[in-house]
Structure formats: C-alpha cells, structure tokens
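*Asks:* upload-v1.txt is the file, holding compact mmCIF, C-alpha atoms and all ligand atoms:
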# COMPACT_ATOMS: atom_id res chain seq x y z
CA TRP U 1 83.07 147.54 92.75
CA LEU U 2 85.87 145.08 91.89
CA ARG U 3 83.67 142.24 93.20
CA TRP U 4 81.03 142.91 90.53
CA PRO U 5 80.84 140.53 87.53
CA ILE U 6 83.32 141.50 84.81
CA HIS U 7 80.65 142.29 82.16
CA TYR U 8 78.98 144.81 84.53
CA ARG U 9 82.28 146.63 85.07
CA ILE U 10 83.15 146.66 81.35
CA THR U 11 79.63 147.91 80.44
CA ILE U 12 79.99 150.81 82.90
CA PHE U 13 83.52 151.54 81.63
CA VAL U 14 82.34 151.59 77.98
CA LEU U 15 79.42 153.93 78.83
CA LEU U 16 81.89 156.21 80.69
CA ILE U 17 84.26 156.34 77.67
CA ILE U 18 81.29 157.23 75.41
CA LEU U 19 80.00 159.98 77.75
CA VAL U 20 83.45 161.51 78.49
CA PHE U 21 84.76 161.53 74.90
CA GLY U 22 81.34 162.49 73.48
CA GLU U 23 81.19 165.56 75.73
CA LEU U 24 84.91 166.33 75.16
CA ILE U 25 84.63 166.33 71.34
CA SER U 26 81.54 168.62 71.43
CA LEU U 27 83.53 171.07 73.61
CA VAL U 28 86.63 170.95 71.39
CA GLU U 29 84.83 171.05 68.01
CA PRO U 30 81.51 172.85 68.56
CA LYS U 31 81.25 173.56 64.83
CA GLU U 32 81.24 169.88 63.80
CA PHE U 33 79.47 168.62 66.97
CA PRO U 34 76.87 171.31 67.87
CA THR U 35 75.25 169.35 70.76
CA ILE U 36 76.50 166.83 73.34
CA PHE U 37 74.07 164.32 71.79
CA ASP U 38 75.99 164.69 68.49
CA GLY U 39 79.22 164.00 70.41
CA ILE U 40 77.78 160.90 72.13
CA TRP U 41 76.35 159.59 68.82
CA TRP U 42 79.81 160.03 67.22
CA ALA U 43 81.54 158.34 70.21
CA VAL U 44 79.23 155.26 70.00
CA VAL U 45 79.69 155.03 66.20
CA THR U 46 83.50 155.44 66.46
CA VAL U 47 84.37 153.31 69.51
CA SER U 48 82.29 150.41 68.12
CA THR U 49 84.40 150.79 64.89
CA VAL U 50 81.22 151.30 62.79
CA GLY U 51 82.50 154.73 61.63
CA PHE U 52 79.71 156.10 59.39
CA GLY U 53 81.67 159.28 58.61
CA ASP U 54 78.63 161.58 59.06
CA TYR U 55 80.49 163.36 61.91
CA VAL U 56 84.31 163.63 61.70
CA PRO U 57 86.69 165.88 63.72
CA LYS U 58 88.49 168.45 61.54
CA THR U 59 91.08 170.08 63.87
CA TYR U 60 94.42 168.68 65.11
CA LEU U 61 93.10 168.65 68.71
CA GLY U 62 89.85 166.92 67.75
CA LYS U 63 91.68 164.29 65.67
CA GLY U 64 94.21 163.77 68.50
CA ILE U 65 91.40 163.11 71.01
CA ALA U 66 89.73 160.76 68.49
CA MET U 67 92.99 158.79 67.97
CA ILE U 68 93.38 158.34 71.76
CA MET U 69 89.73 157.22 72.03
CA ILE U 70 90.17 154.71 69.17
CA LEU U 71 93.50 153.22 70.36
CA ALA U 72 92.59 153.15 74.08
CA GLY U 73 88.79 152.82 74.03
CA ALA U 74 88.15 150.38 71.19
CA SER U 75 89.99 147.62 73.08
CA PHE U 76 87.44 147.90 75.91
CA VAL U 77 84.57 147.83 73.42
CA THR U 78 86.10 144.66 71.92
CA ALA U 79 86.24 143.20 75.45
CA TYR U 80 82.66 144.45 76.05
CA PHE U 81 81.36 142.75 72.87
CA ALA U 82 83.19 139.51 73.78
CA THR U 83 82.04 139.34 77.43
CA ILE U 84 78.42 140.36 76.69
CA SER U 85 78.05 137.63 74.06
CA ALA U 86 79.89 135.10 76.26
CA ALA U 87 77.53 135.91 79.18
CA ALA U 88 74.45 135.51 76.93
CA ILE U 89 75.69 132.16 75.55
CA LYS U 90 76.51 130.89 79.07
CA ARG U 91 73.04 131.82 80.39
CA GLN U 92 71.38 130.03 77.43
CA ASN U 93 73.48 126.91 78.03
CA SER U 94 72.58 127.00 81.75
CA TYR U 95 68.88 127.07 80.84
CA ALA U 96 69.44 124.21 78.38
CA GLU U 97 71.09 122.08 81.08
CA GLY U 98 68.25 122.82 83.52
CA ALA U 99 70.69 124.42 85.96
CA VAL U 100 68.66 127.63 86.29
CA TRP C 1 65.40 125.30 70.66
CA LEU C 2 68.03 125.50 73.43
CA ARG C 3 69.25 122.01 72.40
CA TRP C 4 70.27 123.29 68.92
CA PRO C 5 73.98 123.88 68.24
CA ILE C 6 75.12 127.31 69.43
CA HIS C 7 75.99 128.63 65.95
CA TYR C 8 72.44 127.85 64.69
CA ARG C 9 70.90 129.82 67.58
CA ILE C 10 73.28 132.78 67.09
CA THR C 11 72.66 132.82 63.31
CA ILE C 12 68.87 132.99 63.88
CA PHE C 13 69.33 135.67 66.57
CA VAL C 14 71.52 137.81 64.26
CA LEU C 15 68.99 137.49 61.41
CA LEU C 16 66.19 138.50 63.86
CA ILE C 17 68.14 141.60 65.00
CA ILE C 18 68.69 142.59 61.33
CA LEU C 19 65.00 142.12 60.40
CA VAL C 20 63.56 143.82 63.52
CA PHE C 21 65.90 146.86 63.54
CA GLY C 22 65.84 147.12 59.72
CA GLU C 23 62.02 147.35 59.74
CA LEU C 24 62.02 149.63 62.83
CA ILE C 25 64.40 152.20 61.29
CA SER C 26 62.39 152.33 58.04
CA LEU C 27 59.23 153.04 60.11
CA VAL C 28 60.92 155.71 62.26
CA GLU C 29 62.85 157.46 59.45
CA PRO C 30 60.91 156.88 56.22
CA LYS C 31 62.69 159.83 54.58
CA GLU C 32 66.19 158.34 54.97
CA PHE C 33 65.08 154.67 54.63
CA PRO C 34 62.24 154.67 52.03
CA THR C 35 61.83 150.85 51.86
CA ILE C 36 62.24 147.99 54.38
CA PHE C 37 65.01 146.66 52.09
CA ASP C 38 66.92 149.93 52.70
CA GLY C 39 66.47 149.40 56.44
CA ILE C 40 67.69 145.78 56.29
CA TRP C 41 70.68 146.77 54.12
CA TRP C 42 71.57 149.47 56.69
CA ALA C 43 71.13 147.02 59.61
CA VAL C 44 73.50 144.44 58.02
CA VAL C 45 76.08 147.14 57.22
CA THR C 46 75.84 148.65 60.73
CA VAL C 47 75.63 145.56 62.97
CA SER C 48 78.62 144.00 61.15
CA THR C 49 80.48 147.30 61.93
CA VAL C 50 81.20 147.88 58.20
CA GLY C 51 79.36 151.25 58.33
CA PHE C 52 79.52 152.57 54.75
CA GLY C 53 77.69 155.77 55.67
CA ASP C 54 75.41 155.69 52.58
CA TYR C 55 72.37 155.46 54.91
CA VAL C 56 72.53 157.24 58.31
CA PRO C 57 69.68 158.09 60.73
CA LYS C 58 69.17 161.85 61.17
CA THR C 59 66.60 162.17 64.00
CA TYR C 60 67.12 161.73 67.77
CA LEU C 61 64.81 158.68 67.77
CA GLY C 62 66.55 157.07 64.79
CA LYS C 63 70.01 157.66 66.29
CA GLY C 64 68.80 156.33 69.68
CA ILE C 65 67.55 153.09 68.04
CA ALA C 66 70.84 152.80 66.12
CA MET C 67 72.91 153.22 69.33
CA ILE C 68 70.89 150.44 71.05
CA MET C 69 71.35 148.19 68.00
CA ILE C 70 75.13 148.85 67.93
CA LEU C 71 75.75 148.39 71.67
CA ALA C 72 73.41 145.40 72.10
CA GLY C 73 73.47 143.79 68.65
CA ALA C 74 77.11 144.06 67.59
CA SER C 75 78.17 141.77 70.45
CA PHE C 76 75.99 138.99 68.99
CA VAL C 77 77.43 139.60 65.52
CA THR C 78 80.94 139.33 67.05
CA ALA C 79 79.87 136.02 68.63
CA TYR C 80 78.30 134.98 65.29
CA PHE C 81 81.52 135.71 63.36
CA ALA C 82 83.59 133.83 65.98
CA THR C 83 81.36 130.71 66.16
CA ILE C 84 80.80 130.46 62.38
CA SER C 85 84.53 130.53 61.70
CA ALA C 86 85.25 128.16 64.62
CA ALA C 87 82.63 125.70 63.28
CA ALA C 88 84.14 125.88 59.77
CA ILE C 89 87.67 125.30 61.09
CA LYS C 90 86.51 122.38 63.27
CA ARG C 91 84.75 120.69 60.35
CA GLN C 92 87.87 121.05 58.16
CA ASN C 93 90.05 119.55 60.90
CA SER C 94 87.60 116.66 61.31
CA TYR C 95 87.85 115.92 57.57
CA ALA C 96 91.65 116.12 57.81
CA GLU C 97 91.69 113.57 60.64
CA GLY C 98 89.38 111.26 58.71
CA ALA C 99 86.81 111.41 61.50
CA VAL C 100 83.91 112.29 59.15
CA TRP Q 1 95.34 120.68 51.28
CA LEU Q 2 93.65 119.86 54.59
CA ARG Q 3 97.08 118.94 56.05
CA TRP Q 4 98.32 122.55 55.57
CA PRO Q 5 98.54 124.79 58.66
CA ILE Q 6 95.21 126.45 59.43
CA HIS Q 7 96.44 130.02 58.83
CA TYR Q 8 97.62 129.08 55.29
CA ARG Q 9 94.18 127.66 54.46
CA ILE Q 10 92.33 130.68 55.89
CA THR Q 11 94.64 133.13 54.06
CA ILE Q 12 93.91 131.37 50.74
CA PHE Q 13 90.18 131.26 51.55
CA VAL Q 14 90.11 135.01 52.37
CA LEU Q 15 91.98 135.87 49.13
CA LEU Q 16 89.48 133.68 47.20
CA ILE Q 17 86.48 135.50 48.77
CA ILE Q 18 88.06 138.87 47.86
CA LEU Q 19 88.78 137.84 44.24
CA VAL Q 20 85.40 136.13 43.62
CA PHE Q 21 83.20 138.84 45.20
CA GLY Q 22 85.39 141.66 43.81
CA GLU Q 23 84.94 140.33 40.26
CA LEU Q 24 81.24 139.54 40.84
CA ILE Q 25 80.37 143.06 42.04
CA SER Q 26 82.19 144.67 39.07
CA LEU Q 27 80.14 142.44 36.71
CA VAL Q 28 76.81 143.17 38.46
CA GLU Q 29 77.35 146.93 38.97
CA PRO Q 30 79.71 148.12 36.19
CA LYS Q 31 78.56 151.73 36.73
CA GLU Q 32 79.70 151.89 40.40
CA PHE Q 33 82.68 149.49 39.95
CA PRO Q 34 84.14 150.24 36.47
CA THR Q 35 87.17 147.90 36.78
CA ILE Q 36 87.85 144.57 38.54
CA PHE Q 37 90.48 146.42 40.59
CA ASP Q 38 87.70 148.70 41.93
CA GLY Q 39 85.72 145.58 42.86
CA ILE Q 40 88.71 143.97 44.64
CA TRP Q 41 89.49 147.22 46.49
CA TRP Q 42 85.84 147.37 47.63
CA ALA Q 43 85.87 143.69 48.68
CA VAL Q 44 89.03 144.16 50.83
CA VAL Q 45 87.60 147.33 52.43
CA THR Q 46 84.21 145.67 53.08
CA VAL Q 47 85.18 142.17 54.23
CA SER Q 48 87.74 143.65 56.68
CA THR Q 49 84.80 145.79 58.02
CA VAL Q 50 86.73 149.03 57.33
CA GLY Q 51 83.93 150.26 55.02
CA PHE Q 52 85.16 153.65 53.72
CA GLY Q 53 81.98 154.23 51.73
CA ASP Q 54 83.86 155.48 48.61
CA TYR Q 55 82.36 152.55 46.63
CA VAL Q 56 78.87 151.29 47.57
CA PRO Q 57 76.51 149.01 45.57
CA LYS Q 58 73.29 150.78 44.53
CA THR Q 59 71.09 147.99 43.05
CA TYR Q 60 69.09 145.29 44.85
CA LEU Q 61 71.30 142.55 43.31
CA GLY Q 62 74.55 144.36 44.25
CA LYS Q 63 73.37 144.97 47.82
CA GLY Q 64 72.19 141.33 48.09
CA ILE Q 65 75.64 140.06 47.01
CA ALA Q 66 77.27 142.48 49.47
CA MET Q 67 75.08 141.27 52.37
CA ILE Q 68 76.01 137.62 51.61
CA MET Q 69 79.71 138.59 51.46
CA ILE Q 70 79.48 140.48 54.79
CA LEU Q 71 77.51 137.80 56.70
CA ALA Q 72 79.43 134.81 55.26
CA GLY Q 73 82.84 136.30 54.46
CA ALA Q 74 83.54 138.59 57.42
CA SER Q 75 83.57 135.61 59.80
CA PHE Q 76 86.50 134.14 57.85
CA VAL Q 77 88.31 137.47 57.89
CA THR Q 78 87.79 137.59 61.68
CA ALA Q 79 89.28 134.07 61.87
CA TYR Q 80 92.08 135.19 59.49
CA PHE Q 81 92.94 138.22 61.69
CA ALA Q 82 92.89 136.02 64.83
CA THR Q 83 95.03 133.17 63.44
CA ILE Q 84 97.58 135.46 61.69
CA SER Q 85 98.20 137.40 64.91
CA ALA Q 86 98.22 134.18 66.99
CA ALA Q 87 100.80 132.66 64.62
CA ALA Q 88 102.99 135.80 64.81
CA ILE Q 89 102.82 135.87 68.63
CA LYS Q 90 103.64 132.12 68.83
CA ARG Q 91 106.68 132.49 66.56
CA GLN Q 92 107.96 135.42 68.64
CA ASN Q 93 107.53 133.43 71.86
CA SER Q 94 109.36 130.45 70.29
CA TYR Q 95 112.29 132.73 69.43
CA ALA Q 96 112.22 134.15 72.96
CA GLU Q 97 112.41 130.63 74.45
CA GLY Q 98 115.28 129.71 72.13
CA ALA Q 99 113.23 126.89 70.63
CA VAL Q 100 113.82 127.99 67.03
CA TRP J 1 113.01 142.91 73.34
CA LEU J 2 111.46 139.44 72.99
CA ARG J 3 111.48 139.14 76.80
CA TRP J 4 109.09 142.11 77.15
CA PRO J 5 105.42 141.40 77.96
CA ILE J 6 103.42 140.59 74.81
CA HIS J 7 101.13 143.65 75.05
CA TYR J 8 104.16 146.01 75.12
CA ARG J 9 105.57 144.44 71.95
CA ILE J 10 102.21 144.53 70.14
CA THR J 11 101.63 148.18 71.18
CA ILE J 12 105.03 149.17 69.73
CA PHE J 13 104.35 147.12 66.59
CA VAL J 14 100.93 148.79 66.08
CA LEU J 15 102.43 152.27 66.55
CA LEU J 16 105.18 151.38 64.03
CA ILE J 17 102.59 150.22 61.44
CA ILE J 18 100.66 153.50 61.92
CA LEU J 19 103.78 155.69 61.58
CA VAL J 20 105.27 153.80 58.59
CA PHE J 21 102.04 153.49 56.56
CA GLY J 22 100.89 157.00 57.57
CA GLU J 23 104.11 158.52 56.23
CA LEU J 24 104.12 156.22 53.17
CA ILE J 25 100.57 157.17 52.07
CA SER J 26 101.33 160.92 52.45
CA LEU J 27 104.41 160.45 50.20
CA VAL J 28 102.53 158.40 47.59
CA GLU J 29 99.32 160.52 47.53
CA PRO J 30 100.31 164.08 48.54
CA LYS J 31 97.09 165.43 46.97
CA GLU J 32 94.75 163.40 49.22
CA PHE J 33 97.08 163.39 52.27
CA PRO J 34 98.77 166.84 52.31
CA THR J 35 100.58 166.37 55.67
CA ILE J 36 102.10 163.39 57.51
CA PHE J 37 99.54 164.07 60.28
CA ASP J 38 96.76 163.45 57.72
CA GLY J 39 98.48 160.16 56.81
CA ILE J 40 98.78 159.07 60.46
CA TRP J 41 95.15 160.03 61.17
CA TRP J 42 94.08 157.93 58.16
CA ALA J 43 96.29 154.99 59.26
CA VAL J 44 94.77 154.97 62.80
CA VAL J 45 91.22 155.21 61.40
CA THR J 46 91.86 152.46 58.80
CA VAL J 47 93.92 149.91 60.77
CA SER J 48 91.39 150.06 63.65
CA THR J 49 88.70 149.28 60.98
CA VAL J 50 86.75 152.46 61.91
CA GLY J 51 87.07 153.75 58.32
CA PHE J 52 85.35 157.18 58.36
CA GLY J 53 85.96 157.71 54.65
CA ASP J 54 87.07 161.37 55.09
CA TYR J 55 90.48 160.44 53.61
CA VAL J 56 90.63 157.68 50.96
CA PRO J 57 93.51 156.80 48.57
CA LYS J 58 92.59 157.38 44.90
CA THR J 59 95.53 155.90 42.91
CA TYR J 60 96.35 152.24 42.20
CA LEU J 61 99.58 152.54 44.25
CA GLY J 62 97.82 154.19 47.21
CA LYS J 63 95.02 151.60 47.19
CA GLY J 64 97.59 148.78 46.90
CA ILE J 65 99.48 150.08 49.97
CA ALA J 66 96.16 150.44 51.83
CA MET J 67 95.14 146.83 51.01
CA ILE J 68 98.49 145.52 52.33
CA MET J 69 98.08 147.61 55.49
CA ILE J 70 94.51 146.32 56.03
CA LEU J 71 95.26 142.62 55.38
CA ALA J 72 98.60 142.56 57.25
CA GLY J 73 98.16 145.32 59.84
CA ALA J 74 94.57 144.89 61.00
CA SER J 75 95.38 141.44 62.43
CA PHE J 76 97.93 143.05 64.75
CA VAL J 77 95.43 145.71 65.79
CA THR J 78 92.93 142.92 66.55
CA ALA J 79 95.63 141.25 68.67
CA TYR J 80 96.42 144.65 70.24
CA PHE J 81 92.77 145.26 71.19
CA ALA J 82 92.48 141.71 72.60
CA THR J 83 95.70 141.78 74.66
CA ILE J 84 95.19 145.33 75.98
CA SER J 85 91.71 144.50 77.26
CA ALA J 86 92.87 141.10 78.59
CA ALA J 87 95.71 142.83 80.48
CA ALA J 88 93.30 145.41 81.95
CA ILE J 89 90.82 142.72 83.05
CA LYS J 90 93.63 140.62 84.61
CA ARG J 91 94.98 143.59 86.57
CA GLN J 92 91.47 144.40 87.89
CA ASN J 93 90.94 140.78 88.96
CA SER J 94 94.35 140.77 90.71
CA TYR J 95 93.31 143.86 92.69
CA ALA J 96 89.98 142.21 93.53
CA GLU J 97 91.75 139.10 94.87
CA GLY J 98 94.07 141.25 96.97
CA ALA J 99 97.10 139.84 95.17
CA VAL J 100 98.50 143.30 94.30
K K H 201 83.90 150.44 59.87
K K H 202 83.10 152.88 58.04
Kindly transcribe the structure held in the file into structure tokens.
Ligand SMILES: [K+]
Ligand SMILES: [K+]

*Replies:*
Amino acid sequence: WLRWPIHYRITIFVLLIILVFGELISLVEPKEFPTIFDGIWWAVVTVSTVGFGDYVPKTYLGKGIAMIMILAGASFVTAYFATISAAAIKRQNSYAEGAV
Amino acid sequence: WLRWPIHYRITIFVLLIILVFGELISLVEPKEFPTIFDGIWWAVVTVSTVGFGDYVPKTYLGKGIAMIMILAGASFVTAYFATISAAAIKRQNSYAEGAV
Amino acid sequence: WLRWPIHYRITIFVLLIILVFGELISLVEPKEFPTIFDGIWWAVVTVSTVGFGDYVPKTYLGKGIAMIMILAGASFVTAYFATISAAAIKRQNSYAEGAV
Amino acid sequence: WLRWPIHYRITIFVLLIILVFGELISLVEPKEFPTIFDGIWWAVVTVSTVGFGDYVPKTYLGKGIAMIMILAGASFVTAYFATISAAAIKRQNSYAEGAV
C-alpha cells in the first residue's frame, strides 16, 4: 500500500489511531468511558487537539496512554489536516486550469 | 468562482462549514444548542480547535456530526489559517519592497 | 517597521491582538472577566487554540468579539508559531555549520 | 548535539519543556497540581493545545508561567508535530521507492 497517494495512507493511519486508542481507553477506564463509542469520540476530540474536556482520563494508566496518543498521534493528524487541504486546493486549481 | 484568489475561496468555504454545521447541530440537539447562534458559536469554537467545552453534543447523532465536522472541516480551517497569514505577510513584504 | 524581520513583526502583532481583545472582553463582560488580567489570560488561551474553558464569554456581544478574534487572530498565531520555530531551527543550523 | 537530525533535537526540546514547566507549575500551585505527574499531564495537554481544562492554574504566578509556556513552547510543539510527520512520510516514500 506504499504506492497509494499519501493522503489516503495518512487518512487510514489517523482512523487506525482513533479506533485503537478509543478502544484502549474504554478498556482501561471503563468508569469514565462506558462504551467504545465514548472512547472513539474522546480520541477524535483529543487527537484533533479540540479537547472539549467532557471526557478526561483520571488514572495514571489512562493519562499515560493519552499522553502517548497526543505526542505520537497528533503529529499525524497535523499531517492529515495539511495533506487533505493541500489535495483539495490542488484539485480546485486543476479544475480552474481546465486540466481535469 | 475558481478564478478567485485561493484565500477568498477558503474563507467562503470555512464560513459555509460554520453556518451549515452550526444550524445542523442546533436542529439535531435543540436541548444543548437552543438557538442557531449557539450552534454557530460552537461550530467556530470547534472547527478552529479551540474547544472551550461550554457546548458539547450529548447524543450519538450529534457526536457523529461533530466528528465529521472535525475530521473534514478542521483541515480547511488549517488551510484557512495558513493562507490568511501567508497573504498578510506577502502584502506586508510587498509594501516593504515598494512594489505596491 | 516593515524592514524588521518578519518574526519580530508577527510577535508584536500577536501581543497587540492579545492586549486589545483581552481588554475589550473585560470591558464587554465584566461579570465573567473581572480584571484586565483575566481578559489577557483568556485571550492567550483562546488565540493559541488551547481553550481551557475556565473563562468563556456568555453574551451575544462577547461571543461575537471572540469569534472575530478566533477567525482573524488565530491565523496570525499560527504564523507566529511557524516563524518562531523556523527562526529557532535556522539559528541552530547556522551554529552547526559554523556560520555564526 | 547540533549535528543530530532536527527531529531528534526538537523531540528532546519538547520533552524538556514538558518536564521543566510540569515541575514548575506543581511547585507554584501545589493546591491545583498536587503531584509532579499532574503538572506533567497538564504541560502535555496545554503545550499540544489540547487544553482539556481539568487542571487550570488559578494564581497570577501560575497563569503567568502558563502564558510563557504557551507563547514560547507551543511553537516548538508545532515544529515537533510538523517534523515528526514529515520524517514519517519521507521514510514511507523511501521504502516505496526501494531506496531503503
Ligand atoms: K483546544
Ligand atoms: K480545549
């Protein structure tokens, strides 16, 4: 899959981070994150650096997992945001130039 | 409108995202977002990744809409922030060089 | 001052945004922001997109001012973050190459 | 250490900011940040601009330290996010081209 366009690979990677860490946090802190959906919602809100604060890990283990997700995962979300918008702008410019 | 400068198009696109998702969330969760103004305020705060947490969707549908807005919309706001500041810097440099 | 390096000008511009909007919000919403220091603290937290949610405007006018600050100001803070880190990296590389 | 790759140096710098400011805030506001772990958790959440709002400094000194960390430190975290993701993308492309 290394031949796929870079924004496809980053999108899949970002979705994987959200699913893995969302499920992980709901396993580690079932009291704060009762369902996997709660975990995924928290992972999207955190890794995008929105951070509403409606769900927050309370234990050392939960906070440790969250710190790893923020420091490792947020860089891919930054890359995701940058490549998605770059791809959209490029496609628009291609239309404008009549190349598509 | 594809011939317009890129930062005009992105500005209009960002304002459209804010208006559409702001109205949508106030329709879907009228209890948490009583007026459309509340929805627009929440959309600006969320899509810019500020995320105060004063307004947060509570239902599955509301959270689903919010996740789509964050993952799809925040990339355009990132592009918006980057192009607006690039345009401002360019204009200042043009003044400095006496080109304008 | 257009001959000054770009990261000096952006730093001054960002500090101006923080001071002006910090004072403005404490004038418009004295109940939520009792002192100018509270307003400046809120402006730094908001314009950097940290958004703790400890101080949040409650009135239409306060939220309107905040939305303008976010949509107009955050782009300059993005530029500020980018140029400050670029300048720091450049200086380190210059040292490494023995050019300074 | 100026000969090390740029993303190594930035990673170390970001970890230093987190450790120094995390310990500093727990010394200055022991009531809000009872342990150094609480301080480090808050520093990671703040400097990444997630900003949950579960821990917030309450005193003038604590808020002053936080503002310095946000305005000075967040630019390095932005650079960290950008270089980490750029390094990851480059390595993937090298694999794809069969160069590694
Ligand atoms: K935030
Ligand atoms: K936040």

*Asks:* Give as a ChimeraX atom specification every residue of chain C that touches chain J within 10 Å, counting all atoms listed in the file.

*Replies:* /C:49-53

*Asks:* So how many Å separate atom CA of Ile36 of chain U and atom CA of Ile6 of chain U, to one decimal?

*Replies:*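 The value is 28.6 Å.
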
*Asks:* I'd like the interatomic distance between atom CA of Ile84 of chain J and atom CA of Val20 of chain U, to a tenth of an Å.

*Replies:*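 Distance reported for this atom pair: 20.1 Å.
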
*Asks:* Go through C:His7, C:Leu15, C:Ala87, C:Ser48 and flag the residue nearest ligand K 201 (chain H), using all atoms listed in the file for the distances.

*Replies:*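 Using all atoms listed in the file, ligand K 201 (chain H) sits closest to C:Ser48.
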
*Asks:* Show me, as a list of chain:residue names, the residues that have an atom within 12 Å of Leu27 of chain U when counting all atoms listed in the file, minus same-chain residues fewer than 3 positions from it.

*Replies:*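 The filter keeps U:Val20, U:Phe21, U:Gly22, U:Glu23, U:Leu24, U:Pro30, U:Lys31, U:Glu32, U:Phe33, U:Pro34, U:Thr35, U:Ile36, U:Phe37, U:Asp38, U:Gly39, U:Ile40, U:Pro57, U:Leu61, U:Gly62, U:Ile65.
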
*Asks:* If you keep C-alpha atoms, can you produce a file of those selected residues as a PDB file, in the coordinates of the input?

*Replies:*
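Saved to part.pdb:
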ATOM      1  CA  VAL U  20      83.450 161.510  78.490  1.00  0.00           C
ATOM      2  CA  PHE U  21      84.760 161.530  74.900  1.00  0.00           C
ATOM      3  CA  GLY U  22      81.340 162.490  73.480  1.00  0.00           C
ATOM      4  CA  GLU U  23      81.190 165.560  75.730  1.00  0.00           C
ATOM      5  CA  LEU U  24      84.910 166.330  75.160  1.00  0.00           C
ATOM      6  CA  PRO U  30      81.510 172.850  68.560  1.00  0.00           C
ATOM      7  CA  LYS U  31      81.250 173.560  64.830  1.00  0.00           C
ATOM      8  CA  GLU U  32      81.240 169.880  63.800  1.00  0.00           C
ATOM      9  CA  PHE U  33      79.470 168.620  66.970  1.00  0.00           C
ATOM     10  CA  PRO U  34      76.870 171.310  67.870  1.00  0.00           C
ATOM     11  CA  THR U  35      75.250 169.350  70.760  1.00  0.00           C
ATOM     12  CA  ILE U  36      76.500 166.830  73.340  1.00  0.00           C
ATOM     13  CA  PHE U  37      74.070 164.320  71.790  1.00  0.00           C
ATOM     14  CA  ASP U  38      75.990 164.690  68.490  1.00  0.00           C
ATOM     15  CA  GLY U  39      79.220 164.000  70.410  1.00  0.00           C
ATOM     16  CA  ILE U  40      77.780 160.900  72.130  1.00  0.00           C
ATOM     17  CA  PRO U  57      86.690 165.880  63.720  1.00  0.00           C
ATOM     18  CA  LEU U  61      93.100 168.650  68.710  1.00  0.00           C
ATOM     19  CA  GLY U  62      89.850 166.920  67.750  1.00  0.00           C
ATOM     20  CA  ILE U  65      91.400 163.110  71.010  1.00  0.00           C
TER      21      ILE U  65
END

*Asks:* Would you work out the distance separating atom CA of Thr46 of chain Q from atom CA of Arg9 of chain J, expressed in Å to one decimal?

*Replies:*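 Distance reported for this atom pair: 28.5 Å.
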
*Asks:* Hey, which of Q:Trp4, Q:Ile25, Q:Asp54, Q:Ala79 ends up closest to ligand K 202 (chain H)? Count all atoms listed in the file.

*Replies:*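 Distance minimum relative to ligand K 202 (chain H) lands on Q:Asp54.
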
*Asks:* If chain Q is superposed onto chain J by least squares using every Cα atom in order, what is the RMSD, in Å to one decimal?

*Replies:*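 When all C-alpha atoms are superposed, the deviation is 0.0 Å.
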
*Asks:* My list of candidates is U:Leu16, U:Val56, U:Val77, U:Ile10. Which is closest to ligand K 202 (chain H) when distances are computed with only C-alpha atoms and all ligand atoms?

*Replies:*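 Going through U:Leu16, U:Val56, U:Val77, U:Ile10 one by one, the smallest distance to ligand K 202 (chain H) is for U:Val56.
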
*Asks:* Taking into account only C-alpha atoms and all ligand atoms, which residue in the set J:Tyr55, J:Tyr60, J:Tyr80, J:Tyr8 is nearest to ligand K 202 (chain H)?

*Replies:*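 Smallest separation from ligand K 202 (chain H) among the options: J:Tyr55.
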
*Asks:* Counting all atoms listed in the file, which residue out of Q:Val28, Q:Leu19, Q:Val47, Q:Ala86 sits closest to Met67 of chain Q?

*Replies:*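 Comparing Q:Val28, Q:Leu19, Q:Val47, Q:Ala86 against Met67 of chain Q, the winner is Q:Val47.
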
*Asks:* For a quick check of understanding, using only C-alpha atoms and all ligand atoms, which of J:Met69, J:Arg91, J:Val45, J:Phe76 has the smallest distance to ligand K 202 (chain H)?

*Replies:* J:Val45
